>>> print(open('run.txt').read())   # compact mmCIF, C-alpha atoms
# COMPACT_ATOMS: atom_id res chain seq x y z
CA MET H 1013 128.07 116.52 67.19
CA HIS H 1014 127.72 120.11 66.06
CA SER H 1015 124.11 119.65 65.05
CA TRP H 1016 123.40 118.21 68.46
CA PHE H 1017 124.60 121.32 70.31
CA SER H 1018 122.18 123.51 68.41
CA PHE H 1019 119.37 121.39 69.77
CA ILE H 1020 120.23 121.86 73.42
CA PRO H 1021 117.95 124.93 73.77
CA LEU H 1022 115.06 122.82 72.47
CA ILE H 1023 115.62 120.18 75.16
CA LEU H 1024 115.95 122.87 77.84
CA GLU H 1025 112.68 124.43 76.70
CA GLY H 1026 111.10 121.02 77.15
CA ALA H 1027 112.72 120.71 80.57
CA LEU H 1028 111.02 123.95 81.61
CA VAL H 1029 107.64 122.57 80.52
CA THR H 1030 108.32 119.38 82.48
CA VAL H 1031 109.26 121.32 85.61
CA GLY H 1032 106.23 123.60 85.32
CA LEU H 1033 103.92 120.67 84.76
CA THR H 1034 105.38 118.82 87.74
CA LEU H 1035 104.98 121.81 90.05
CA ALA H 1036 101.45 122.66 88.93
CA GLY H 1037 100.48 118.98 89.09
CA CYS H 1038 101.92 118.71 92.61
CA VAL H 1039 99.91 121.72 93.80
CA LEU H 1040 96.65 120.29 92.42
CA ALA H 1041 97.51 116.81 93.72
CA LEU H 1042 98.22 118.18 97.20
CA MET H 1043 94.90 120.03 97.28
CA MET H 1044 92.98 116.98 96.07
CA ALA H 1045 94.84 114.74 98.52
CA PHE H 1046 93.76 116.82 101.50
CA ILE H 1047 90.22 117.38 100.27
CA ALA H 1048 89.60 113.70 99.48
CA GLY H 1049 91.69 112.31 102.33
CA LEU H 1050 89.89 114.37 104.96
CA GLY H 1051 86.64 113.80 103.08
CA ARG H 1052 87.02 110.08 103.66
CA LEU H 1053 87.18 110.78 107.40
CA SER H 1054 84.14 113.06 107.32
CA LEU H 1055 81.23 112.50 109.70
CA HIS H 1056 78.81 112.90 106.80
CA ALA H 1057 78.24 109.71 104.83
CA PRO H 1058 77.66 111.38 101.40
CA VAL H 1059 80.99 113.22 101.68
CA ARG H 1060 82.77 109.97 102.58
CA TRP H 1061 81.05 108.22 99.72
CA LEU H 1062 82.00 110.92 97.22
CA ALA H 1063 85.64 110.90 98.34
CA THR H 1064 85.81 107.09 98.11
CA CYS H 1065 84.38 107.18 94.57
CA TYR H 1066 86.93 109.76 93.49
CA ILE H 1067 89.82 107.80 94.98
CA GLU H 1068 88.75 104.41 93.63
CA PHE H 1069 88.01 105.79 90.19
CA PHE H 1070 91.31 107.60 89.73
CA ARG H 1071 93.37 104.82 91.26
CA GLY H 1072 91.54 102.16 89.29
CA THR H 1073 91.94 103.58 85.81
CA SER H 1074 95.26 104.33 84.24
CA ILE H 1075 96.70 107.87 84.21
CA PHE H 1076 96.95 107.39 80.51
CA VAL H 1077 93.28 106.73 80.02
CA GLN H 1078 92.46 109.76 82.18
CA LEU H 1079 94.75 111.98 80.16
CA PHE H 1080 93.28 110.87 76.83
CA TRP H 1081 89.80 111.18 78.18
CA ALA H 1082 90.46 114.72 79.39
CA TYR H 1083 91.98 115.67 76.06
CA PHE H 1084 89.75 113.90 73.55
CA VAL H 1085 86.41 113.33 75.26
CA LEU H 1086 85.87 116.41 77.46
CA PRO H 1087 85.73 118.70 74.40
CA LEU H 1088 82.68 116.72 73.27
CA PHE H 1089 80.95 117.88 76.45
CA GLY H 1090 81.84 121.47 75.64
CA LEU H 1091 84.95 121.66 77.84
CA THR H 1092 87.95 122.18 75.60
CA LEU H 1093 91.29 122.01 77.36
CA THR H 1094 94.70 122.89 76.03
CA PRO H 1095 97.20 120.02 76.26
CA LEU H 1096 98.83 121.77 79.22
CA GLU H 1097 95.53 122.10 81.11
CA ALA H 1098 94.56 118.51 80.33
CA GLY H 1099 97.99 117.37 81.53
CA ILE H 1100 97.84 119.27 84.80
CA LEU H 1101 94.27 118.15 85.42
CA ALA H 1102 94.93 114.45 84.77
CA LEU H 1103 98.24 114.36 86.67
CA GLY H 1104 96.89 116.32 89.64
CA LEU H 1105 93.68 114.31 89.95
CA ASN H 1106 95.47 110.98 89.51
CA VAL H 1107 98.30 111.56 91.98
CA GLY H 1108 95.87 113.36 94.31
CA ALA H 1109 93.89 110.12 94.62
CA TYR H 1110 97.01 108.27 95.76
CA GLY H 1111 97.89 111.14 98.09
CA ALA H 1112 94.41 111.05 99.63
CA GLU H 1113 95.07 107.57 100.98
CA VAL H 1114 98.34 108.83 102.45
CA VAL H 1115 96.54 111.69 104.19
CA ARG H 1116 93.88 109.36 105.54
CA GLY H 1117 96.44 106.83 106.77
CA ALA H 1118 98.56 109.49 108.49
CA VAL H 1119 95.59 111.15 110.20
CA GLN H 1120 94.29 107.79 111.39
CA SER H 1121 97.67 106.79 112.75
CA ILE H 1122 97.72 109.71 115.19
CA GLY H 1123 97.07 108.24 118.62
CA ARG H 1124 93.63 108.23 120.20
CA GLU H 1125 94.89 110.22 123.17
CA GLN H 1126 95.50 113.19 120.87
CA HIS H 1127 91.88 113.16 119.75
CA GLU H 1128 90.77 112.79 123.34
CA ALA H 1129 92.99 115.70 124.38
CA CYS H 1130 91.37 117.87 121.68
CA ARG H 1131 87.97 117.01 123.04
CA ALA H 1132 89.09 117.64 126.63
CA LEU H 1133 90.31 121.11 125.60
CA ASN H 1134 86.93 121.75 124.00
CA LEU H 1135 88.43 122.34 120.57
CA THR H 1136 86.04 122.14 117.65
CA ARG H 1137 86.68 119.31 115.20
CA TRP H 1138 88.28 121.75 112.75
CA GLN H 1139 90.47 123.39 115.43
CA GLY H 1140 91.67 120.01 116.63
CA LEU H 1141 92.51 118.98 113.10
CA ARG H 1142 94.22 122.24 112.29
CA HIS H 1143 96.28 122.74 115.46
CA VAL H 1144 96.82 119.26 116.88
CA ILE H 1145 96.30 116.42 114.41
CA LEU H 1146 97.54 117.76 111.07
CA PRO H 1147 100.86 119.20 112.29
CA GLN H 1148 101.75 115.76 113.59
CA ALA H 1149 100.29 113.86 110.64
CA LEU H 1150 102.05 116.04 108.07
CA VAL H 1151 105.46 114.76 109.16
CA LEU H 1152 104.27 111.19 108.64
CA MET H 1153 102.93 112.02 105.17
CA LEU H 1154 106.09 113.61 103.81
CA PRO H 1155 108.14 110.50 102.92
CA THR H 1156 105.26 109.01 100.92
CA PHE H 1157 104.45 112.39 99.38
CA CYS H 1158 108.06 112.45 98.23
CA ASN H 1159 107.55 109.17 96.37
CA ASN H 1160 104.27 110.46 94.94
CA ALA H 1161 105.95 113.63 93.68
CA ILE H 1162 108.58 111.56 91.88
CA GLU H 1163 105.86 109.37 90.40
CA LEU H 1164 104.19 112.56 89.17
CA LEU H 1165 107.43 113.81 87.63
CA LYS H 1166 107.81 110.52 85.79
CA ALA H 1167 104.18 110.54 84.71
CA THR H 1168 104.64 113.94 83.04
CA ALA H 1169 106.43 112.12 80.22
CA VAL H 1170 103.10 110.75 78.98
CA VAL H 1171 101.81 114.23 78.16
CA SER H 1172 104.18 114.17 75.18
CA LEU H 1173 101.65 111.77 73.67
CA ILE H 1174 98.96 114.48 73.58
CA SER H 1175 101.37 116.76 71.73
CA LEU H 1176 102.50 118.85 74.70
CA SER H 1177 106.11 119.80 74.04
CA ASP H 1178 107.72 118.57 77.25
CA MET H 1179 111.21 117.13 77.52
CA THR H 1180 110.28 113.72 76.09
CA PHE H 1181 108.47 115.34 73.18
CA GLN H 1182 111.47 117.55 72.41
CA ALA H 1183 113.79 114.55 72.49
CA GLN H 1184 111.55 112.93 69.88
CA VAL H 1185 111.75 116.12 67.79
CA VAL H 1186 115.53 116.07 67.99
CA ARG H 1187 115.53 112.41 67.06
CA ALA H 1188 113.38 113.12 64.03
CA GLN H 1189 115.48 116.09 62.90
CA THR H 1190 119.00 114.83 63.49
CA GLY H 1191 118.53 111.10 63.28
CA SER H 1192 120.67 110.83 66.39
CA THR H 1193 118.91 108.71 68.99
CA ALA H 1194 121.38 107.99 71.76
CA VAL H 1195 122.39 111.55 72.66
CA PRO H 1196 118.93 113.13 73.12
CA PHE H 1197 117.53 110.18 75.02
CA ILE H 1198 120.54 109.80 77.32
CA THR H 1199 120.44 113.56 77.96
CA ILE H 1200 116.80 113.56 79.00
CA LEU H 1201 117.23 110.39 81.09
CA LEU H 1202 119.96 112.20 83.02
CA LEU H 1203 117.86 115.36 83.32
CA TYR H 1204 114.88 113.40 84.67
CA PHE H 1205 117.16 111.69 87.16
CA VAL H 1206 118.59 115.01 88.34
CA MET H 1207 115.07 116.43 88.73
CA ALA H 1208 113.99 113.38 90.75
CA LEU H 1209 117.05 113.78 92.98
CA ALA H 1210 116.33 117.48 93.47
CA LEU H 1211 112.71 116.71 94.37
CA SER H 1212 113.60 114.07 96.93
CA ARG H 1213 116.40 116.20 98.43
CA SER H 1214 114.12 119.19 98.90
CA ILE H 1215 111.31 117.17 100.44
CA ARG H 1216 113.78 115.46 102.76
CA GLY H 1217 115.06 118.91 103.73
CA LEU H 1218 111.51 120.01 104.49
CA GLU H 1219 111.00 116.90 106.58
CA LYS H 1220 114.12 117.67 108.63
CA ARG H 1221 112.91 121.21 109.17
CA LEU H 1222 109.48 120.15 110.33
CA THR H 1223 110.81 117.55 112.74
CA ARG H 1224 113.41 119.89 114.23
CA GLY H 1225 113.33 119.64 118.00
CA LEU H 1226 111.16 116.55 117.88
CA GLU H 1227 113.99 114.00 118.00
CA GLY H 1228 113.32 111.45 120.66
CA VAL H 1229 109.83 112.84 121.29
CA ARG H 1230 108.10 110.84 118.61
CA THR H 1231 107.54 107.21 119.29
CA MET X 420 77.74 114.08 71.71
CA ASP X 421 75.47 111.10 72.08
CA TRP X 422 76.52 107.64 73.04
CA SER X 423 76.03 105.08 70.27
CA TRP X 424 75.57 101.45 71.34
CA SER X 425 75.83 100.11 67.81
CA PHE X 426 79.28 101.67 67.52
CA VAL X 427 80.21 100.05 70.85
CA TRP X 428 79.23 96.60 69.53
CA GLU X 429 81.13 97.25 66.35
CA ILE X 430 84.42 98.08 68.08
CA LEU X 431 84.13 95.62 70.98
CA PRO X 432 85.97 92.69 69.28
CA THR X 433 88.92 94.95 68.38
CA LEU X 434 89.12 96.27 71.93
CA LEU X 435 88.92 92.77 73.41
CA GLU X 436 91.87 91.77 71.25
CA GLY X 437 93.66 94.75 72.81
CA VAL X 438 92.68 93.55 76.29
CA ARG X 439 94.29 90.18 75.50
CA VAL X 440 97.58 91.84 74.51
CA THR X 441 97.44 94.12 77.57
CA ILE X 442 96.99 91.14 79.91
CA LEU X 443 99.75 89.18 78.17
CA ALA X 444 102.11 92.14 78.46
CA THR X 445 101.23 92.56 82.14
CA LEU X 446 101.84 88.90 82.96
CA GLY X 447 105.05 88.71 80.92
CA GLY X 448 106.34 91.92 82.46
CA ALA X 449 105.42 90.65 85.92
CA VAL X 450 107.39 87.43 85.53
CA LEU X 451 110.42 89.39 84.31
CA ALA X 452 110.05 91.93 87.11
CA ALA X 453 109.90 89.16 89.70
CA VAL X 454 113.10 87.57 88.39
CA ILE X 455 114.99 90.83 87.79
CA GLY X 456 113.92 92.16 91.17
CA LEU X 457 115.29 89.08 92.94
CA ALA X 458 118.58 89.33 91.02
CA LEU X 459 118.91 93.03 91.87
CA ALA X 460 118.07 92.41 95.53
CA LEU X 461 120.74 89.69 95.76
CA LEU X 462 123.33 91.80 93.91
CA ARG X 463 122.63 94.64 96.29
CA ARG X 464 123.54 92.41 99.22
CA SER X 465 126.80 91.41 97.58
CA PRO X 466 129.82 91.63 99.91
CA ASN X 467 131.69 93.27 97.02
CA LYS X 468 131.36 97.04 97.62
CA ALA X 469 131.65 97.97 93.93
CA VAL X 470 128.88 95.56 92.89
CA MET X 471 126.66 96.79 95.71
CA ARG X 472 127.17 100.48 94.87
CA THR X 473 126.63 99.95 91.14
CA THR X 474 123.42 98.01 91.77
CA SER X 475 122.13 100.70 94.14
CA PHE X 476 122.84 103.37 91.57
CA VAL X 477 121.17 101.44 88.76
CA ILE X 478 118.08 100.93 90.92
CA GLU X 479 117.95 104.62 91.86
CA PHE X 480 118.44 105.68 88.27
CA ILE X 481 115.74 103.46 86.81
CA ARG X 482 113.31 104.46 89.55
CA GLY X 483 114.02 108.15 88.97
CA THR X 484 113.34 108.21 85.24
CA PRO X 485 110.06 107.77 83.33
CA LEU X 486 109.15 104.37 81.96
CA LEU X 487 108.14 106.00 78.67
CA VAL X 488 111.64 107.35 78.10
CA GLN X 489 113.15 103.99 79.02
CA LEU X 490 110.89 102.34 76.46
CA TYR X 491 111.97 104.85 73.80
CA PHE X 492 115.56 104.12 74.76
CA LEU X 493 115.11 100.36 74.36
CA PHE X 494 113.16 100.73 71.14
CA TYR X 495 114.98 103.56 69.33
CA VAL X 496 118.48 103.75 70.80
CA LEU X 497 119.49 100.11 71.15
CA PRO X 498 119.17 99.41 67.39
CA ASP X 499 122.03 101.90 66.92
CA ALA X 500 124.13 99.65 69.09
CA GLY X 501 123.16 96.69 66.93
CA ILE X 502 120.48 95.31 69.23
CA THR X 503 117.12 95.41 67.49
CA LEU X 504 114.14 94.46 69.62
CA GLY X 505 110.58 93.92 68.48
CA PRO X 506 108.03 96.31 70.02
CA MET X 507 106.61 93.66 72.35
CA THR X 508 110.06 92.42 73.44
CA ALA X 509 111.23 95.97 74.13
CA GLY X 510 107.99 96.60 76.03
CA LEU X 511 108.35 93.50 78.18
CA ILE X 512 112.00 94.25 78.97
CA GLY X 513 111.11 97.85 79.81
CA LEU X 514 108.26 96.87 82.13
CA GLY X 515 110.34 94.10 83.69
CA LEU X 516 113.35 96.34 84.35
CA HIS X 517 111.33 99.27 85.64
CA TYR X 518 109.18 97.25 88.00
CA GLY X 519 112.12 94.99 88.84
CA THR X 520 113.67 97.93 90.69
CA TYR X 521 110.47 98.25 92.71
CA THR X 522 110.21 94.54 93.48
CA ALA X 523 113.90 94.55 94.46
CA GLU X 524 112.90 96.84 97.33
CA VAL X 525 110.14 94.40 98.34
CA TYR X 526 112.55 91.46 98.27
CA ARG X 527 115.05 93.43 100.33
CA ALA X 528 112.47 94.16 103.02
CA GLY X 529 111.29 90.53 102.98
CA ILE X 530 114.81 89.15 103.30
CA ASP X 531 115.67 91.58 106.09
CA ASN X 532 112.59 90.39 107.95
CA VAL X 533 113.87 86.82 108.26
CA PRO X 534 115.24 86.62 111.82
CA THR X 535 119.03 86.46 112.24
CA GLY X 536 118.58 83.21 114.15
CA GLN X 537 117.66 81.50 110.88
CA TRP X 538 120.95 82.58 109.30
CA GLU X 539 122.87 81.40 112.34
CA ALA X 540 121.02 78.10 112.40
CA ALA X 541 121.81 77.56 108.71
CA LYS X 542 125.46 78.23 109.43
CA ALA X 543 125.37 75.91 112.47
CA CYS X 544 123.93 73.15 110.28
CA ASN X 545 126.84 73.68 107.92
CA LEU X 546 124.64 74.52 104.92
CA THR X 547 126.33 76.07 101.89
CA GLY X 548 125.43 79.61 100.89
CA ARG X 549 123.23 78.32 98.09
CA GLN X 550 121.41 75.88 100.35
CA THR X 551 120.87 78.63 102.94
CA TRP X 552 119.20 80.84 100.35
CA THR X 553 117.09 78.28 98.53
CA GLN X 554 116.06 76.14 101.49
CA ILE X 555 115.98 78.47 104.49
CA ILE X 556 115.80 82.15 103.67
CA LEU X 557 113.75 82.52 100.47
CA PRO X 558 110.98 80.05 101.45
CA GLN X 559 110.40 82.13 104.59
CA ALA X 560 110.91 85.50 102.97
CA ILE X 561 108.74 85.17 99.86
CA PRO X 562 105.20 84.40 101.16
CA PRO X 563 104.89 87.62 103.21
CA MET X 564 105.97 89.60 100.13
CA VAL X 565 103.16 88.35 97.91
CA PRO X 566 100.67 91.16 98.66
CA ALA X 567 103.28 93.87 98.01
CA LEU X 568 104.36 92.15 94.80
CA ALA X 569 100.75 91.87 93.68
CA ASN X 570 100.30 95.59 94.30
CA TYR X 571 103.05 96.28 91.80
CA LEU X 572 101.43 93.85 89.38
CA ILE X 573 98.31 96.03 89.42
CA ALA X 574 100.39 99.21 89.10
CA MET X 575 102.17 97.69 86.12
CA PHE X 576 98.89 96.75 84.51
CA LYS X 577 97.91 100.40 84.60
CA GLU X 578 101.18 101.42 82.94
CA THR X 579 100.86 99.05 79.99
CA PRO X 580 99.20 101.75 77.81
CA LEU X 581 102.69 103.25 77.56
CA LEU X 582 103.56 100.35 75.26
CA SER X 583 101.29 101.94 72.65
CA ALA X 584 103.98 104.62 72.26
CA ILE X 585 106.34 101.99 70.85
CA THR X 586 103.64 100.61 68.54
CA VAL X 587 102.50 97.58 70.57
CA LEU X 588 98.85 97.00 69.66
CA GLU X 589 97.48 96.83 73.20
CA LEU X 590 94.14 98.10 74.46
CA MET X 591 94.96 101.82 74.31
CA ASN X 592 96.48 101.61 70.87
CA GLN X 593 93.54 99.63 69.48
CA ALA X 594 91.15 102.19 70.96
CA ARG X 595 93.09 105.08 69.48
CA SER X 596 93.24 103.54 66.07
CA VAL X 597 89.50 102.81 65.93
CA ALA X 598 88.84 106.30 67.31
CA ASN X 599 91.02 107.95 64.69
CA PHE X 600 89.59 105.78 61.94
CA ASN X 601 85.96 106.56 62.78
CA TYR X 602 86.62 109.99 64.23
CA ARG X 603 84.66 109.12 67.36
CA TYR X 604 86.54 109.33 70.65
CA LEU X 605 83.78 109.10 73.26
CA GLU X 606 83.02 105.38 73.08
CA PRO X 607 86.54 103.93 72.58
CA MET X 608 88.15 106.08 75.31
CA THR X 609 85.31 105.46 77.76
CA LEU X 610 85.38 101.72 77.10
CA VAL X 611 89.13 101.62 77.72
CA GLY X 612 88.52 103.33 81.06
CA VAL X 613 85.74 100.86 81.89
CA PHE X 614 87.94 97.87 81.02
CA PHE X 615 90.74 99.20 83.19
CA LEU X 616 88.39 99.89 86.07
CA ILE X 617 86.80 96.43 85.87
CA ILE X 618 90.10 94.55 85.65
CA SER X 619 91.76 96.53 88.40
CA LEU X 620 88.74 96.30 90.73
CA ILE X 621 88.66 92.52 90.21
CA SER X 622 92.38 92.19 90.81
CA VAL X 623 92.24 94.40 93.90
CA SER X 624 89.52 92.23 95.42
CA LEU X 625 91.51 89.08 94.54
CA LEU X 626 94.48 90.69 96.25
CA ARG X 627 92.46 91.37 99.41
CA LEU X 628 91.39 87.71 99.38
CA LEU X 629 95.00 86.61 99.01
CA GLU X 630 96.07 88.88 101.86
CA ARG X 631 93.46 87.36 104.14
CA ARG X 632 94.54 83.85 103.12
CA LEU X 633 98.21 84.55 103.78
CA GLY X 634 97.32 86.28 107.03
CA ARG X 635 95.49 83.15 108.17
CA ILE X 636 98.41 80.86 107.40
CA GLY X 637 100.98 83.17 108.95
>>> encode(input="run.txt", output="structure tokens")
Amino acid sequence: MHSWFSFIPLILEGALVTVGLTLAGCVLALMMAFIAGLGRLSLHAPVRWLATCYIEFFRGTSIFVQLFWAYFVLPLFGLTLTPLEAGILALGLNVGAYGAEVVRGAVQSIGREQHEACRALNLTRWQGLRHVILPQALVLMLPTFCNNAIELLKATAVVSLISLSDMTFQAQVVRAQTGSTAVPFITILLLYFVMALALSRSIRGLEKRLTRGLEGVRT
Amino acid sequence: MDWSWSFVWEILPTLLEGVRVTILATLGGAVLAAVIGLALALLRRSPNKAVMRTTSFVIEFIRGTPLLVQLYFLFYVLPDAGITLGPMTAGLIGLGLHYGTYTAEVYRAGIDNVPTGQWEAAKACNLTGRQTWTQIILPQAIPPMVPALANYLIAMFKETPLLSAITVLELMNQARSVANFNYRYLEPMTLVGVFFLIISLISVSLLRLLERRLGRIG
């Protein structure tokens, strides 16, 4: 038991990496989701086509394959990434592709009359999107974004396989050094669960904040 | 680095062997997930509060933690408790349990969608609880769930490379070992991506077909 306690800092160090990776991945995923999701609704065919390709490609191949490709193959094209960069890139692009479909679905589900109202007020397409459509669509996106963020958190565990010392990696280190398997793995399972709870609580809080005063207005 | 076709031909048989294992693992995991999901969905509806709460917690917990760590748990921790599983068995159980918690949600929605009138009619006809489930509720609840279940099948297929972490020789693992052996990563990694893309594009279009079919019947 004593030897286990001395390894707690190691696990916590890994937890920090996991949290950082999740946050950075979420930021990239959010950006990609809006770029590709709105890109799919673009009036210009090449933009739509490009966005569709991105989405289909990243949803069609496994996050795993993307991660290994970013880490092992990109250097051959002269782009060497650290494990952390490769992890953020693969996680962000992968989850961003799923998020893009959420953005598209939410924007499309906003009623026609809202688009017509924008036109009637002589708003440009961008103004209408920015001031009328997106504020309403964002509320619809949040629950699914919450699930996506948890998926991203869980996907961070795979970066341990490209030697990034996240929580899962550190648990393996502890296992190798102490020979104790149950304690490190149960600890990180609990930590992941707590992180997932914290993520979903905070996004639900955000949702409540954004819908304040809208009760009964939305149909 | 230049692409070498002769190397591609050389490693293709090994990779195809990996594809076979990947598909087997996906199908095996899917069957387990379908069964476990149904069991979890039924347990969650149990009138016994303790059973219901425990099931809900287990579902939440499994959904909130990474599959990779669960696989490590099954493969490295259980032997300490005297349960030693082979890599493939541990992998199948891991996939089945993890995705079972997702399919449980699908079953729940499907069961809730059966109109209350059906339950009342079953009661009026004096059917036993078992008869109500097997003859009235599930036959109506399951067909509309098929597209959602198939979606998880495809998602699971894309998670099978995780099994390589517990030494199952599936597609990813085969590709990594040939890549390490020959010190060439471009072709094996790209081919793995191509295989995944092809299989998932085919299965997505099959799924669309299935959805249209079910839509026509319903």
>>> residues_around(input="run.txt", residues="Leu435 of chain X", least_positions_apart="4", cutoff="12 Å", atoms="only C-alpha atoms", output="number ranges by chain")
X: 427-431, 439-442, 588-594, 607, 610-611, 614-615
>>> write_last_selection(input="run.txt", atoms="C-alpha atoms", output="PDB file, keeping the file's coordinate frame")
ATOM      1  CA  VAL X 427      80.210 100.050  70.850  1.00  0.00           C
ATOM      2  CA  TRP X 428      79.230  96.600  69.530  1.00  0.00           C
ATOM      3  CA  GLU X 429      81.130  97.250  66.350  1.00  0.00           C
ATOM      4  CA  ILE X 430      84.420  98.080  68.080  1.00  0.00           C
ATOM      5  CA  LEU X 431      84.130  95.620  70.980  1.00  0.00           C
ATOM      6  CA  ARG X 439      94.290  90.180  75.500  1.00  0.00           C
ATOM      7  CA  VAL X 440      97.580  91.840  74.510  1.00  0.00           C
ATOM      8  CA  THR X 441      97.440  94.120  77.570  1.00  0.00           C
ATOM      9  CA  ILE X 442      96.990  91.140  79.910  1.00  0.00           C
ATOM     10  CA  LEU X 588      98.850  97.000  69.660  1.00  0.00           C
ATOM     11  CA  GLU X 589      97.480  96.830  73.200  1.00  0.00           C
ATOM     12  CA  LEU X 590      94.140  98.100  74.460  1.00  0.00           C
ATOM     13  CA  MET X 591      94.960 101.820  74.310  1.00  0.00           C
ATOM     14  CA  ASN X 592      96.480 101.610  70.870  1.00  0.00           C
ATOM     15  CA  GLN X 593      93.540  99.630  69.480  1.00  0.00           C
ATOM     16  CA  ALA X 594      91.150 102.190  70.960  1.00  0.00           C
ATOM     17  CA  PRO X 607      86.540 103.930  72.580  1.00  0.00           C
ATOM     18  CA  LEU X 610      85.380 101.720  77.100  1.00  0.00           C
ATOM     19  CA  VAL X 611      89.130 101.620  77.720  1.00  0.00           C
ATOM     20  CA  PHE X 614      87.940  97.870  81.020  1.00  0.00           C
ATOM     21  CA  PHE X 615      90.740  99.200  83.190  1.00  0.00           C
TER      22      PHE X 615
END
>>> residues_near_point(input="run.txt", point="(111.2, 123.2, 74.7)", cutoff="9 Å", atoms="all atoms listed in the file", output="ChimeraX atom specification")
/H:1021-1029,1177-1179,1181-1182
>>> residues_around(input="run.txt", residues="Thr1180 of chain H", least_positions_apart="5", cutoff="9 Å", atoms="only C-alpha atoms", output="compact mmCIF listing (two decimals) with C-alpha atoms, in the frame of the given file")
# COMPACT_ATOMS: atom_id res chain seq x y z
CA ILE H 1023 115.62 120.18 75.16
CA GLY H 1026 111.10 121.02 77.15
CA ALA H 1027 112.72 120.71 80.57
CA THR H 1030 108.32 119.38 82.48
CA THR H 1168 104.64 113.94 83.04
CA ALA H 1169 106.43 112.12 80.22
CA VAL H 1170 103.10 110.75 78.98
CA VAL H 1171 101.81 114.23 78.16
CA SER H 1172 104.18 114.17 75.18
CA VAL H 1185 111.75 116.12 67.79
CA PHE H 1197 117.53 110.18 75.02
CA ILE H 1200 116.80 113.56 79.00
CA LEU X 487 108.14 106.00 78.67
CA VAL X 488 111.64 107.35 78.10
>>> atom_distance(input="run.txt", atom1="atom CA of Asn1134 of chain H", atom2="atom CA of Leu1150 of chain H")
22.7 Å
>>> closest_residue(input="run.txt", among="X:Ala453, X:Ile478, X:Ile555, X:Met575", to="Pro534 of chain X", atoms="all atoms listed in the file")
X:Ile555
>>> residues_around(input="run.txt", residues="Phe494 of chain X", least_positions_apart="3", cutoff="7 Å", atoms="only C-alpha atoms", output="ChimeraX atom specification")
/X:490-491,497,504,506,509,585
>>> atom_distance(input="run.txt", atom1="atom CA of Arg1116 of chain H", atom2="atom CA of Ser1054 of chain H")
10.6 Å
>>> interface_residues(input="run.txt", of="chain X", to="chain H", cutoff="9 Å", atoms="only C-alpha atoms", output="ChimeraX atom specification")
/X:420,479-489,491-492,495-497,499,574,576-581,584,591,604-606,608-609,611-620
>>> closest_residue(input="run.txt", among="X:Thr522, X:Phe476, X:Leu493, X:Thr445", to="Met564 of chain X", atoms="all atoms listed in the file")
X:Thr522
>>> atom_distance(input="run.txt", atom1="atom CA of Leu1042 of chain H", atom2="atom CA of Gly1140 of chain H")
20.6 Å
>>> axis_aligned_box(input="run.txt", around="segment 1126-1130 of chain H", padding_each_side="8 Å", output="lines of an AutoDock Vina configuration file")
center_x = 93.1
center_y = 115.3
center_z = 122.1
size_x = 20.7
size_y = 21.1
size_z = 20.6
>>> residues_around(input="run.txt", residues="Trp1061 of chain H", least_positions_apart="6", cutoff="10 Å", atoms="only C-alpha atoms", output="list in words")
Gly1051, Arg1052, Ser1054 and Ile1067 of chain H
>>> residues_around(input="run.txt", residues="Gly448 of chain X", least_positions_apart="3", cutoff="9 Å", atoms="only C-alpha atoms", output="VMD selection string")
chain X and resid 443 to 445 451 to 453 510 to 516 518 572 575
>>> decode(input="run.txt", residues="segment 1122-1131 of chain H", atoms="N, CA and C atoms", output="compact mmCIF listing (two decimals), in the first residue's frame")
# COMPACT_ATOMS: atom_id res chain seq x y z
N ILE H 1122 -33.84 25.25 -37.48
CA ILE H 1122 -34.45 26.54 -37.15
C ILE H 1122 -35.50 26.86 -38.21
N GLY H 1123 -36.67 27.24 -37.76
CA GLY H 1123 -37.82 27.38 -38.66
C GLY H 1123 -37.59 28.31 -39.84
N ARG H 1124 -38.30 28.04 -40.91
CA ARG H 1124 -38.18 28.85 -42.13
C ARG H 1124 -38.50 30.31 -41.87
N GLU H 1125 -39.50 30.53 -40.96
CA GLU H 1125 -39.95 31.90 -40.75
C GLU H 1125 -38.82 32.77 -40.22
N GLN H 1126 -37.86 32.15 -39.50
CA GLN H 1126 -36.74 32.92 -38.98
C GLN H 1126 -35.85 33.41 -40.13
N HIS H 1127 -35.65 32.51 -41.11
CA HIS H 1127 -34.84 32.90 -42.27
C HIS H 1127 -35.57 33.99 -43.06
N GLU H 1128 -36.88 33.82 -43.17
CA GLU H 1128 -37.67 34.81 -43.91
C GLU H 1128 -37.64 36.15 -43.20
N ALA H 1129 -37.70 36.11 -41.86
CA ALA H 1129 -37.66 37.35 -41.09
C ALA H 1129 -36.34 38.07 -41.32
N CYS H 1130 -35.24 37.30 -41.37
CA CYS H 1130 -33.92 37.89 -41.62
C CYS H 1130 -33.93 38.62 -42.95
N ARG H 1131 -34.50 37.94 -43.94
CA ARG H 1131 -34.53 38.55 -45.27
C ARG H 1131 -35.39 39.81 -45.24
